[in-house]
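A.B. asks: Next comes my_file00.cif, mmCIF, C-alpha atoms:
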```
data_coords
loop_
_atom_site.label_atom_id
_atom_site.label_comp_id
_atom_site.auth_asym_id
_atom_site.auth_seq_id
_atom_site.Cartn_x
_atom_site.Cartn_y
_atom_site.Cartn_z
CA MET A 247 88.47 4.62 -93.43
CA PRO A 248 89.47 0.98 -93.95
CA SER A 249 86.52 -1.39 -93.85
CA SER A 250 88.08 -3.37 -90.99
CA THR A 251 87.65 -0.36 -88.66
CA ARG A 252 83.94 0.06 -89.24
CA PRO A 253 81.02 -1.53 -87.37
CA SER A 254 78.96 -4.09 -89.26
CA ARG A 255 76.81 -2.54 -91.95
CA VAL A 256 73.11 -1.95 -91.57
CA LYS A 257 70.81 -3.70 -93.97
CA LYS A 258 69.68 -1.39 -96.76
CA PRO A 259 66.10 -0.17 -96.18
CA SER A 260 63.43 -1.76 -98.32
CA MET A 261 61.55 0.27 -100.92
CA HIS A 262 57.99 1.33 -100.14
CA ALA A 263 55.59 1.58 -103.05
CA ALA A 264 54.01 4.79 -101.79
CA ALA A 265 57.38 6.44 -101.42
CA GLN A 266 58.38 5.39 -104.91
CA ALA A 267 55.20 6.85 -106.39
CA SER A 268 55.50 10.25 -104.71
CA ARG A 269 59.27 10.75 -104.64
CA ALA A 270 59.40 12.88 -107.76
CA SER A 271 57.06 15.51 -106.32
CA ALA A 272 58.63 15.46 -102.86
CA ARG A 273 62.21 16.03 -103.92
CA PRO A 274 63.41 19.06 -105.90
CA ARG A 275 66.74 17.62 -107.09
CA GLU A 276 67.58 17.79 -110.77
CA ALA A 277 68.33 14.32 -112.07
CA VAL A 278 71.54 13.50 -113.89
CA ALA A 279 71.34 11.04 -116.74
CA GLY A 280 72.14 7.49 -115.76
CA GLU A 281 71.71 7.94 -111.99
CA THR A 282 69.11 6.12 -109.92
CA SER A 283 67.06 7.04 -106.86
CA ALA A 284 69.07 8.55 -104.03
CA HIS A 285 66.97 7.24 -101.14
CA PRO A 286 64.21 4.80 -102.11
CA ALA A 287 62.91 4.34 -98.54
CA ILE A 288 62.45 8.03 -97.63
CA ASP A 289 59.52 9.85 -99.17
CA ALA A 290 60.91 13.37 -98.73
CA GLN A 291 63.84 15.59 -99.54
CA VAL A 292 66.93 14.36 -97.65
CA VAL A 293 69.16 17.12 -96.25
CA LEU A 294 72.56 16.73 -94.58
CA VAL A 295 73.51 19.64 -92.29
CA LEU A 296 77.17 19.84 -91.24
CA GLN A 297 78.67 22.09 -88.56
CA GLY A 298 82.19 23.46 -88.51
CA GLY A 299 84.74 21.91 -86.18
CA GLY A 300 88.06 21.09 -87.81
CA ALA A 301 89.24 17.56 -87.07
CA LEU A 302 85.87 16.80 -85.46
CA GLY A 303 84.52 16.62 -89.02
CA ALA A 304 85.73 13.01 -89.21
CA TYR A 305 82.51 12.22 -87.31
CA GLN A 306 80.54 13.70 -90.23
CA ALA A 307 82.40 11.45 -92.66
CA GLY A 308 81.36 8.42 -90.61
CA VAL A 309 77.73 9.58 -90.58
CA TYR A 310 77.74 10.00 -94.34
CA GLU A 311 79.33 6.59 -94.88
CA ALA A 312 76.53 4.91 -92.89
CA LEU A 313 73.92 6.75 -94.98
CA HIS A 314 75.78 5.81 -98.16
CA ASP A 315 75.96 2.14 -97.14
CA ALA A 316 72.23 2.18 -96.42
CA GLY A 317 71.46 3.60 -99.86
CA ILE A 318 70.50 7.04 -98.55
CA GLU A 319 72.07 9.86 -100.55
CA PRO A 320 71.31 13.51 -99.73
CA ASP A 321 69.45 15.78 -102.11
CA TRP A 322 70.97 18.79 -100.38
CA VAL A 323 74.15 19.20 -98.33
CA ILE A 324 74.68 22.41 -96.39
CA GLY A 325 77.77 23.05 -94.31
CA THR A 326 80.13 25.51 -92.72
CA SER A 327 83.92 25.26 -92.43
CA ILE A 328 84.92 21.56 -92.29
CA GLY A 329 81.23 20.84 -92.94
CA ALA A 330 81.51 22.79 -96.19
CA ILE A 331 84.62 20.81 -97.14
CA ASN A 332 83.01 17.44 -96.42
CA GLY A 333 79.81 18.63 -98.09
CA ALA A 334 81.60 19.79 -101.24
CA ILE A 335 83.38 16.44 -101.56
CA ILE A 336 80.05 14.62 -101.18
CA ALA A 337 77.99 16.84 -103.50
CA GLY A 338 80.89 17.34 -105.88
CA ASN A 339 81.26 13.69 -106.83
CA ARG A 340 79.05 10.96 -108.20
CA PRO A 341 77.72 8.66 -105.46
CA ALA A 342 80.01 5.82 -106.55
CA ASP A 343 83.07 8.05 -106.09
CA ARG A 344 82.15 9.86 -102.89
CA MET A 345 83.61 7.52 -100.29
CA THR A 346 86.88 7.15 -102.18
CA ARG A 347 87.30 10.93 -102.33
CA LEU A 348 86.20 11.46 -98.73
CA ARG A 349 88.68 8.88 -97.45
CA ALA A 350 91.40 10.44 -99.60
CA PHE A 351 90.82 13.84 -98.00
CA TRP A 352 90.99 12.55 -94.44
CA GLU A 353 94.03 10.43 -95.18
CA ARG A 354 95.82 13.48 -96.61
CA VAL A 355 95.06 15.66 -93.57
CA THR A 356 96.04 13.01 -91.03
CA TRP A 357 98.94 14.17 -88.87
CA LYS A 358 101.90 11.81 -88.86
CA SER A 359 102.59 10.53 -85.36
CA PHE A 360 105.96 9.87 -83.83
CA ALA A 361 105.68 6.25 -84.88
CA ASP A 362 105.23 7.35 -88.50
CA ASP A 363 107.91 10.00 -88.58
CA HIS A 364 110.54 10.06 -85.83
CA ASN A 365 111.53 13.62 -86.74
CA ASN A 366 108.08 15.03 -86.01
CA TRP A 367 108.49 15.42 -82.24
CA LEU A 368 111.72 17.37 -82.20
CA SER A 369 110.79 19.29 -85.34
CA ALA A 370 108.01 20.90 -83.33
CA PHE A 371 110.77 22.91 -81.63
CA ALA A 372 112.81 23.77 -84.72
CA PRO A 373 112.36 25.24 -88.19
CA ALA A 374 111.54 22.59 -90.77
CA SER A 375 114.88 23.14 -92.50
CA ALA A 376 116.78 22.36 -89.29
CA ALA A 377 114.88 19.27 -88.20
CA THR A 378 115.71 16.70 -90.83
CA ASN A 379 118.68 14.85 -89.29
CA ILE A 380 117.94 14.44 -85.61
CA PRO A 381 120.19 11.85 -83.87
CA ALA A 382 118.57 8.51 -83.04
CA TYR A 383 119.46 8.73 -79.33
CA LEU A 384 117.48 11.98 -79.04
CA THR A 385 114.41 10.58 -80.75
CA ALA A 386 114.60 7.52 -78.47
CA ALA A 387 114.81 9.78 -75.43
CA TRP A 388 111.79 11.77 -76.57
CA SER A 389 109.84 8.53 -77.16
CA ALA A 390 110.59 7.32 -73.64
CA TRP A 391 109.66 10.70 -72.17
CA ALA A 392 106.36 10.71 -74.04
CA ALA A 393 105.47 7.27 -72.68
CA TRP A 394 106.30 8.34 -69.11
CA MET A 395 104.42 11.66 -69.08
CA PRO A 396 100.58 11.40 -69.36
CA GLY A 397 99.20 13.86 -71.91
CA TYR A 398 102.66 14.63 -73.26
CA GLU A 399 101.99 13.01 -76.62
CA GLN A 400 98.86 15.15 -77.12
CA TRP A 401 100.77 18.29 -76.13
CA MET A 402 103.54 17.52 -78.61
CA ARG A 403 101.03 16.71 -81.35
CA ASN A 404 99.25 20.01 -80.85
CA LEU A 405 102.55 21.89 -80.80
CA SER A 406 103.69 20.18 -83.99
CA ILE A 407 100.42 20.98 -85.80
CA MET A 408 100.43 24.61 -84.67
CA SER A 409 104.08 25.14 -85.58
CA HIS A 410 104.23 23.16 -88.83
CA GLY A 411 100.60 22.81 -89.92
CA ILE A 412 99.17 19.93 -91.97
CA PRO A 413 100.94 19.71 -95.35
CA ALA A 414 97.79 19.02 -97.37
CA PHE A 415 95.72 21.57 -95.43
CA PHE A 416 97.64 24.59 -94.10
CA THR A 417 101.22 25.70 -93.48
CA PRO A 418 102.57 28.49 -91.25
CA ARG A 419 103.38 31.98 -92.50
CA ALA A 420 106.80 32.94 -91.16
CA ASP A 421 106.06 36.67 -91.47
CA ALA A 422 102.93 36.33 -89.34
CA TRP A 423 104.76 34.54 -86.53
CA LEU A 424 107.86 36.73 -86.59
CA GLY A 425 106.67 40.10 -87.87
CA GLY A 426 104.31 41.13 -85.08
CA LEU A 427 100.52 41.19 -84.80
CA GLN A 428 100.09 44.91 -85.53
CA VAL A 429 102.13 45.13 -88.73
CA PRO A 430 99.78 46.15 -91.61
CA VAL A 431 99.99 43.34 -94.16
CA GLY A 432 96.59 43.57 -95.89
CA LEU A 433 93.51 41.46 -95.30
CA GLU A 434 94.57 38.57 -97.55
CA HIS A 435 97.77 38.15 -95.49
CA ALA A 436 96.34 38.84 -92.03
CA ALA A 437 96.51 35.21 -90.93
CA PHE A 438 98.91 32.81 -89.27
CA TYR A 439 98.74 30.15 -92.01
CA HIS A 440 98.76 29.73 -95.77
CA THR A 441 95.81 27.71 -97.16
CA GLU A 442 97.11 27.13 -100.68
CA PRO A 443 97.65 23.44 -99.79
CA LEU A 444 93.92 23.14 -99.04
CA ARG A 445 93.07 24.76 -102.38
CA GLU A 446 95.17 22.16 -104.20
CA THR A 447 93.69 19.32 -102.16
CA LEU A 448 90.10 20.41 -102.86
CA ALA A 449 90.76 20.98 -106.55
CA SER A 450 92.00 17.40 -106.86
CA LEU A 451 89.06 15.85 -104.97
CA ILE A 452 86.00 17.83 -106.12
CA ASP A 453 84.51 17.58 -109.60
CA PHE A 454 83.15 21.12 -109.94
CA GLU A 455 81.59 20.37 -113.33
CA TYR A 456 79.55 17.62 -111.71
CA LEU A 457 78.79 19.84 -108.70
CA ASN A 458 77.38 22.54 -110.94
CA SER A 459 75.20 20.04 -112.80
CA LYS A 460 73.04 20.35 -109.63
CA ALA A 461 72.58 16.61 -109.19
CA THR A 462 72.98 17.34 -105.47
CA ARG A 463 72.44 20.79 -104.05
CA LEU A 464 75.35 22.26 -102.07
CA THR A 465 75.20 25.31 -99.81
CA VAL A 466 78.18 26.73 -97.93
CA GLY A 467 78.03 29.30 -95.15
CA THR A 468 80.25 32.40 -95.02
CA VAL A 469 80.23 35.77 -93.30
CA GLY A 470 81.14 39.06 -94.95
CA VAL A 471 84.24 40.58 -93.37
CA GLY A 472 82.97 44.11 -93.98
CA SER A 473 79.21 43.60 -93.65
CA GLY A 474 79.28 41.18 -90.74
CA GLN A 475 76.31 39.44 -92.37
CA MET A 476 75.87 35.74 -92.97
CA ARG A 477 75.82 34.75 -96.64
CA TYR A 478 75.04 31.33 -98.04
CA PHE A 479 76.30 30.40 -101.50
CA THR A 480 74.42 27.58 -103.24
CA ASN A 481 74.85 25.84 -106.58
CA ARG A 482 71.08 26.10 -107.05
CA ASP A 483 71.48 29.82 -107.73
CA GLU A 484 75.00 30.17 -109.13
CA ALA A 485 78.00 28.13 -110.19
CA LEU A 486 80.34 27.33 -107.30
CA ASP A 487 84.10 26.88 -107.42
CA VAL A 488 86.92 26.22 -104.99
CA GLN A 489 86.81 29.88 -103.80
CA HIS A 490 83.38 29.38 -102.24
CA VAL A 491 84.48 26.31 -100.29
CA MET A 492 87.71 28.03 -99.23
CA ALA A 493 85.74 31.06 -98.02
CA SER A 494 83.54 28.90 -95.82
CA ALA A 495 86.68 27.41 -94.23
CA ALA A 496 88.56 30.72 -93.79
CA PHE A 497 88.53 30.79 -89.98
CA PRO A 498 90.36 33.89 -88.67
CA PRO A 499 92.98 34.66 -87.55
CA GLY A 500 94.35 31.26 -88.48
CA PHE A 501 93.27 31.29 -92.12
CA PRO A 502 93.11 34.29 -94.49
CA SER A 503 89.87 35.66 -95.90
CA VAL A 504 88.79 34.77 -99.44
CA ARG A 505 87.43 37.26 -101.95
CA ILE A 506 84.42 36.46 -104.10
CA ASP A 507 83.28 39.10 -106.60
CA GLY A 508 85.42 41.66 -104.81
CA GLU A 509 84.05 41.07 -101.30
CA ALA A 510 86.06 39.38 -98.56
CA TYR A 511 84.55 36.46 -96.64
CA TRP A 512 85.45 34.46 -93.57
CA ASP A 513 84.28 31.14 -92.18
CA GLY A 514 80.54 31.37 -91.49
CA GLY A 515 81.07 29.54 -88.22
CA ILE A 516 82.16 32.74 -86.49
CA TYR A 517 78.62 34.04 -87.02
CA SER A 518 76.49 30.89 -87.02
CA ASN A 519 78.12 27.48 -86.91
CA THR A 520 74.89 25.50 -87.36
CA PRO A 521 73.28 26.28 -90.74
CA LEU A 522 70.02 24.50 -89.92
CA GLU A 523 68.03 27.73 -89.98
CA ALA A 524 68.89 28.20 -93.66
CA VAL A 525 67.23 24.87 -94.42
CA LEU A 526 64.08 25.63 -92.43
CA ASP A 527 63.78 29.12 -93.97
CA ASP A 528 64.34 27.89 -97.54
CA ARG A 529 61.76 28.64 -100.20
CA PRO A 530 60.00 26.96 -101.82
CA ARG A 531 59.53 24.66 -98.84
CA HIS A 532 59.68 20.90 -99.23
CA SER A 533 58.89 18.18 -96.71
CA SER A 534 62.31 17.00 -95.55
CA VAL A 535 64.22 14.49 -93.48
CA ILE A 536 67.12 16.55 -92.14
CA PHE A 537 70.21 14.82 -90.75
CA THR A 538 71.91 17.50 -88.68
CA VAL A 539 75.35 16.52 -87.41
CA GLN A 540 76.37 18.34 -84.22
CA LEU A 541 80.10 18.42 -83.45
CA TRP A 542 79.99 20.67 -80.38
CA PRO A 543 77.84 19.64 -77.38
CA ALA A 544 75.36 22.22 -76.17
CA HIS A 545 75.09 20.43 -72.81
CA GLY A 546 77.98 19.48 -70.55
CA ASP A 547 79.23 19.09 -67.01
CA GLU A 548 80.31 22.04 -64.90
CA PRO A 549 84.05 22.65 -65.34
CA ALA A 550 86.35 22.13 -62.36
CA SER A 551 89.49 23.78 -63.76
CA ILE A 552 90.52 26.68 -65.99
CA HIS A 553 91.37 24.17 -68.73
CA GLU A 554 87.89 22.62 -68.50
CA ALA A 555 86.28 26.08 -68.39
CA MET A 556 88.05 27.06 -71.62
CA SER A 557 86.90 23.84 -73.27
CA ARG A 558 83.30 24.27 -72.13
CA GLN A 559 83.28 27.88 -73.35
CA ARG A 560 84.22 26.71 -76.86
CA ASP A 561 81.52 24.01 -76.83
CA ILE A 562 78.84 26.57 -75.99
CA GLN A 563 80.16 29.11 -78.49
CA TYR A 564 80.37 26.76 -81.47
CA SER A 565 77.19 24.81 -80.80
CA SER A 566 75.72 28.18 -81.90
CA ARG A 567 72.48 28.00 -79.91
CA ALA A 568 71.34 25.14 -82.14
CA GLU A 569 68.57 24.10 -79.74
CA SER A 570 67.12 27.59 -79.33
CA HIS A 571 67.22 28.14 -83.11
CA LEU A 572 65.41 24.85 -83.60
CA GLU A 573 62.75 25.71 -81.03
CA ARG A 574 62.17 29.09 -82.69
CA GLN A 575 61.79 27.41 -86.08
CA ARG A 576 59.41 24.91 -84.52
CA GLN A 577 57.16 27.75 -83.33
CA ILE A 578 57.26 29.43 -86.75
CA HIS A 579 56.44 26.19 -88.53
CA ARG A 580 53.55 25.54 -86.12
CA LEU A 581 52.13 28.97 -86.99
CA ARG A 582 52.38 28.11 -90.70
CA HIS A 583 50.32 25.01 -90.06
CA VAL A 584 47.80 27.01 -88.00
CA ILE A 585 47.39 29.44 -90.92
CA ARG A 586 46.80 26.53 -93.26
CA GLU A 587 44.16 25.02 -90.94
CA LEU A 588 42.43 28.40 -90.47
CA GLY A 589 42.15 28.74 -94.22
CA LYS A 590 40.11 25.54 -94.35
CA HIS A 591 37.45 27.16 -92.17
CA LEU A 592 36.95 30.19 -94.41
CA PRO A 593 34.12 30.26 -96.93
CA GLU A 594 35.37 29.47 -100.40
CA ASN A 595 34.41 32.91 -101.78
CA GLU A 596 36.56 34.59 -99.10
CA ARG A 597 39.51 32.24 -99.63
CA ASP A 598 39.61 33.26 -103.30
CA THR A 599 40.04 36.98 -102.64
CA LYS A 600 43.46 38.47 -103.34
CA ALA A 601 44.03 39.75 -99.80
CA VAL A 602 43.16 36.40 -98.18
CA LYS A 603 45.27 34.45 -100.67
CA GLU A 604 48.29 36.57 -99.78
CA LEU A 605 47.76 35.85 -96.09
CA LEU A 606 47.21 32.13 -96.65
CA ASN A 607 50.46 31.95 -98.61
CA TRP A 608 52.22 32.23 -95.25
CA GLY A 609 50.80 28.85 -94.35
CA CYS A 610 52.11 25.47 -95.44
CA GLY A 611 51.63 21.76 -94.87
CA THR A 612 55.22 20.59 -95.13
CA THR A 613 56.79 18.52 -92.38
CA MET A 614 60.40 18.60 -91.23
CA GLN A 615 61.83 15.51 -89.55
CA VAL A 616 65.03 16.65 -87.85
CA ILE A 617 67.42 13.79 -87.10
CA GLU A 618 70.06 15.06 -84.68
CA LEU A 619 73.33 13.16 -84.42
CA ASP A 620 75.67 14.35 -81.66
CA ALA A 621 79.39 13.65 -81.71
CA PRO A 622 80.55 12.00 -78.46
CA SER A 623 83.20 13.25 -76.07
CA PHE A 624 86.37 11.21 -75.83
CA GLY A 625 87.25 12.60 -72.41
CA SER A 626 90.81 13.79 -73.11
CA ASP A 627 92.33 16.98 -74.50
CA GLU A 628 88.88 18.42 -75.13
CA LEU A 629 90.26 21.96 -75.39
CA HIS A 630 92.19 21.16 -78.57
CA LYS A 631 89.97 18.43 -79.96
CA ASP A 632 89.32 20.34 -83.18
CA ILE A 633 93.00 20.10 -84.16
CA ASP A 634 93.30 16.42 -83.27
CA PHE A 635 94.23 15.26 -86.76
CA SER A 636 95.96 12.17 -85.38
CA ALA A 637 95.17 8.88 -87.09
CA ASP A 638 93.63 7.54 -83.88
CA GLY A 639 91.48 10.62 -83.32
CA ILE A 640 90.16 10.57 -86.89
CA ARG A 641 89.51 6.82 -86.72
CA ARG A 642 87.60 7.00 -83.42
CA ARG A 643 85.41 9.90 -84.56
CA TRP A 644 84.75 8.30 -87.94
CA GLN A 645 83.69 5.03 -86.25
CA ALA A 646 81.47 6.90 -83.77
CA GLY A 647 79.71 8.75 -86.59
CA TYR A 648 79.16 5.53 -88.51
CA ALA A 649 77.77 3.69 -85.45
CA ASP A 650 75.48 6.56 -84.37
CA ALA A 651 74.05 6.99 -87.88
CA GLN A 652 73.63 3.24 -88.26
CA ARG A 653 71.55 3.07 -85.07
CA MET A 654 69.42 5.98 -86.25
CA ILE A 655 68.84 4.34 -89.63
CA GLU A 656 67.70 1.17 -87.88
CA ARG A 657 65.23 3.25 -85.84
CA ALA A 658 63.99 5.05 -88.98
CA PRO A 659 62.02 7.64 -86.95
CA TRP A 660 61.00 9.44 -90.16
CA ASN A 661 58.48 6.64 -90.78
CA ALA A 662 56.35 7.76 -87.80
CA GLU A 663 53.21 9.72 -88.65
CA PRO A 664 53.86 13.39 -87.75
CA ASP A 665 51.42 15.50 -85.73
CA PRO A 666 49.40 17.45 -88.33
CA MET A 667 49.76 20.66 -86.27
CA GLU A 668 53.48 20.24 -85.60
CA GLY A 669 55.55 21.18 -88.58
CA ILE A 670 58.81 19.95 -87.08
CA SER A 671 59.59 16.67 -85.31
CA ILE A 672 62.96 16.25 -83.58
CA HIS A 673 64.64 12.89 -83.10
CA ARG A 674 67.89 12.85 -81.13
CA SER A 675 70.58 10.20 -80.89
CA GLU A 676 71.74 8.84 -77.58
CA THR A 677 74.70 10.89 -76.36
CA GLN A 678 77.65 8.66 -75.55
CA THR A 679 81.05 9.24 -74.03
CA ALA A 680 83.77 7.13 -75.59
#
```
Represent the supplied structure as structure tokens.

C.D. replies:
Amino acid sequence: MPSSTRPSRVKKPSMHAAAQASRASARPREAVAGETSAHPAIDAQVVLVLQGGGALGAYQAGVYEALHDAGIEPDWVIGTSIGAINGAIIAGNRPADRMTRLRAFWERVTWKSFADDHNNWLSAFAPASAATNIPAYLTAAWSAWAAWMPGYEQWMRNLSIMSHGIPAFFTPRADAWLGGLQVPVGLEHAAFYHTEPLRETLASLIDFEYLNSKATRLTVGTVGVGSGQMRYFTNRDEALDVQHVMASAAFPPGFPSVRIDGEAYWDGGIYSNTPLEAVLDDRPRHSSVIFTVQLWPAHGDEPASIHEAMSRQRDIQYSSRAESHLERQRQIHRLRHVIRELGKHLPENERDTKAVKELLNWGCGTTMQVIELDAPSFGSDELHKDIDFSADGIRRRWQAGYADAQRMIERAPWNAEPDPMEGISIHRSETQTA
């Protein structure tokens, strides 16, 4: 976003000698010639975990910009849906180019408001071919009506996006809207929108040759349409291309599935929208500072209307039990540390036996500092917040992400000495309502 819309920048963290000396062993990234340290003040692997959430992903862009401004670049980005898109743009470009490409994406997917395009409001009610020469007196009448009716502008925006899409992201399939829901069209066409515009947008913004150099690890979450099983694709294990990113963003029934090696995949968010568990289960394990960006609040007020109930249901569904997953991983990690400590109390001759070595391999001494950043509520149109691609909605979420990450960087909780028996420490941001 333009620099004038951002909060003041945080001072770049100073370099610690101990961190500099041990960074090479703590971080598994493969260096690219000519590039310098990605995060001189953090003596651990830095991971950025990004949920799915459509337009809410602007918050993630703000979080990354704050990290970027502070000189903290991730070693590993893992995301689902819009998180996979943001993550691919970050990991798929050199650090100097990342913000330019990220801004370009969000500018392209910004919905044009009535002020930008006077035809947009009435075109929501008509085919695109019939809504190009609307009389000025009608557009003026619609403008006055929108100002008089609270919430009307949001309703019209949502209607326009659903009926006409976002030109650089998705466009409607006429056959899907007019042909009936039960007409057999094949899996690749069983969707309400075309996503070829997104393919072209991603191809122009992601340097896949650089991505597959493995300078930054990228993992995207998908779910097999036939198997129903979660599958993570990562450039550590295989070359990634635009198909993998598209598959992670193929949210049904809006977007069509994507085939990779003959198997069809959908957006991993329909199975697990928070890919944190994949980081904590990763092998080999590395001590990590994990910035996990939550777009959907797990906690909220009791709804007082059907509209609020529908909104709250979506929040619970797409937060994907992040807290319970994290608590489970905390228990598992604690057991790994217990195994490690028990091994220290065994006689050396017993520790060296094959059977005991195999058991002790389940133990570890790594620490995981989980930095949780929670997107705020803006208190209006919460039910359709994930399609709020308006310039104002993107700007507010981007600014909120930047400010929240900036405050967390100033706190630098990863510098605290972790409990030797606790494998995972959790540091949460202050939840705010804008």

A.B. asks: Do you have the atom CA of Gln652 of chain A-atom CA of Asp289 of chain A distance handy?

C.D. replies: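 Here the two named atoms are 19.0 Å from each other.
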
A.B. asks: Given 8 Å on each side, where is the centre and what are the edge lengths in Å to one decimal of the axis-aligned box enclosing the listed atoms of segment 554-567 of chain A, as JSON?

C.D. replies:
```
{"center_x": 80.3, "center_y": 25.9, "center_z": -75.1, "size_x": 31.6, "size_y": 22.5, "size_z": 29.5}
```

A.B. asks: Starting from the PyMOL selection byres ((chain A and resi 561-576) around 6), expand the selection into actual residues of this file and give them as a PDB file with C-alpha atoms, keeping the file's coordinate frame.

C.D. replies:
```
ATOM      1  CA  SER A 518      76.490  30.890 -87.020  1.00  0.00           C
ATOM      2  CA  ASN A 519      78.120  27.480 -86.910  1.00  0.00           C
ATOM      3  CA  TRP A 542      79.990  20.670 -80.380  1.00  0.00           C
ATOM      4  CA  PRO A 543      77.840  19.640 -77.380  1.00  0.00           C
ATOM      5  CA  ALA A 544      75.360  22.220 -76.170  1.00  0.00           C
ATOM      6  CA  ARG A 558      83.300  24.270 -72.130  1.00  0.00           C
ATOM      7  CA  GLN A 559      83.280  27.880 -73.350  1.00  0.00           C
ATOM      8  CA  ARG A 560      84.220  26.710 -76.860  1.00  0.00           C
ATOM      9  CA  GLN A 577      57.160  27.750 -83.330  1.00  0.00           C
ATOM     10  CA  ILE A 578      57.260  29.430 -86.750  1.00  0.00           C
ATOM     11  CA  HIS A 579      56.440  26.190 -88.530  1.00  0.00           C
ATOM     12  CA  ILE A 670      58.810  19.950 -87.080  1.00  0.00           C
TER      13      ILE A 670
END
```

A.B. asks: Apply the PyMOL selection byres ((chain A and resi 615) around 8) to the file shown and report the selected residues as a ChimeraX atom specification.

C.D. replies: /A:534-536,613-614,616-617,660,670-673

A.B. asks: Compare A:Arg657, A:Arg586, A:Lys460, A:Arg445 by their minimum atom-to-atom distance to His490 of chain A, counting only C-alpha atoms, and give me the closest one.

C.D. replies: A:Arg445

A.B. asks: To one decimal place in Å, what is the distance between atom CA of Thr520 of chain A and atom CA of Trp401 of chain A?

C.D. replies: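 Separating atom CA of Thr520 of chain A from atom CA of Trp401 of chain A is a distance of 29.1 Å.
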
A.B. asks: Would you compute the distance between atom CA of Thr599 of chain A and atom CA of Met667 of chain A? Give it in Å to one decimal.

C.D. replies: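 Between atom CA of Thr599 of chain A and atom CA of Met667 of chain A the gap works out to 25.1 Å.
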
A.B. asks: Using all atoms listed in the file for the distances, tell me which of A:Val469, A:Ala449, A:Leu296, A:Leu541 is nearest to Tyr517 of chain A.

C.D. replies: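 Residue with the minimum atom-to-atom distance to Tyr517 of chain A: A:Val469.
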
A.B. asks: Going by the chain IDs and residue numbers used in this file, which residues fall under the PyMOL selection byres ((chain A and resi 636) around 12)? Write them as a PyMOL selection string.

C.D. replies: chain A and resi 301-302+304+352-362+399-400+402-404+406-407+412+630-635+637-643

A.B. asks: Rank nothing, just name the residue among A:Glu596, A:Glu618, A:Asp321, A:Glu604 nearest to Ile655 of chain A, using all atoms listed in the file.

C.D. replies: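 Once distances to Ile655 of chain A are computed over all atoms listed in the file, the minimum belongs to A:Glu618.
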
A.B. asks: Using only C-alpha atoms, which residue out of A:Val504, A:Ala420, A:Ile328, A:Ile336 lies closest to Gly303 of chain A?

C.D. replies: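 The closest residue to Gly303 of chain A is A:Ile328.
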
A.B. asks: Of the residues A:Ala493, A:Leu526, A:Ile585, A:Val539, which is the one nearest to Lys603 of chain A, using only C-alpha atoms?

C.D. replies: A:Ile585

A.B. asks: Counting only C-alpha atoms, which residue out of A:Ala496, A:Ile516, A:Leu433, A:Leu588 sits closest to Gly474 of chain A?

C.D. replies: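 Residue with the minimum atom-to-atom distance to Gly474 of chain A: A:Ile516.
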
A.B. asks: Could N, CA, C and O atoms be built for segment 414-421 of chain A and written out as an mmCIF file, in the frame of the given file?

C.D. replies:
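Full text of out_18.cif as output:
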```
data_model
loop_
_atom_site.group_PDB
_atom_site.id
_atom_site.type_symbol
_atom_site.label_atom_id
_atom_site.label_comp_id
_atom_site.auth_asym_id
_atom_site.auth_seq_id
_atom_site.Cartn_x
_atom_site.Cartn_y
_atom_site.Cartn_z
ATOM 1 N N ALA A 414 98.828 18.987 -96.350
ATOM 2 C CA ALA A 414 97.790 19.020 -97.370
ATOM 3 C C ALA A 414 96.658 19.986 -97.030
ATOM 4 O O ALA A 414 95.676 20.083 -97.779
ATOM 5 N N PHE A 415 96.812 20.731 -95.919
ATOM 6 C CA PHE A 415 95.720 21.570 -95.430
ATOM 7 C C PHE A 415 96.210 23.022 -95.250
ATOM 8 O O PHE A 415 95.725 23.943 -95.918
ATOM 9 N N PHE A 416 97.167 23.240 -94.364
ATOM 10 C CA PHE A 416 97.640 24.590 -94.100
ATOM 11 C C PHE A 416 99.096 24.527 -93.626
ATOM 12 O O PHE A 416 99.529 23.529 -93.036
ATOM 13 N N THR A 417 99.823 25.593 -93.896
ATOM 14 C CA THR A 417 101.220 25.700 -93.480
ATOM 15 C C THR A 417 101.456 27.084 -92.887
ATOM 16 O O THR A 417 100.784 28.052 -93.263
ATOM 17 N N PRO A 418 102.395 27.213 -91.947
ATOM 18 C CA PRO A 418 102.570 28.490 -91.250
ATOM 19 C C PRO A 418 103.190 29.579 -92.129
ATOM 20 O O PRO A 418 103.980 29.295 -93.028
ATOM 21 N N ARG A 419 102.797 30.808 -91.851
ATOM 22 C CA ARG A 419 103.380 31.980 -92.500
ATOM 23 C C ARG A 419 104.465 32.520 -91.573
ATOM 24 O O ARG A 419 104.171 32.980 -90.460
ATOM 25 N N ALA A 420 105.698 32.481 -92.003
ATOM 26 C CA ALA A 420 106.800 32.940 -91.160
ATOM 27 C C ALA A 420 106.656 34.401 -90.789
ATOM 28 O O ALA A 420 106.925 34.811 -89.651
ATOM 29 N N ASP A 421 106.180 35.232 -91.744
ATOM 30 C CA ASP A 421 106.060 36.670 -91.470
ATOM 31 C C ASP A 421 105.022 36.943 -90.396
ATOM 32 O O ASP A 421 105.163 37.883 -89.607
#
```
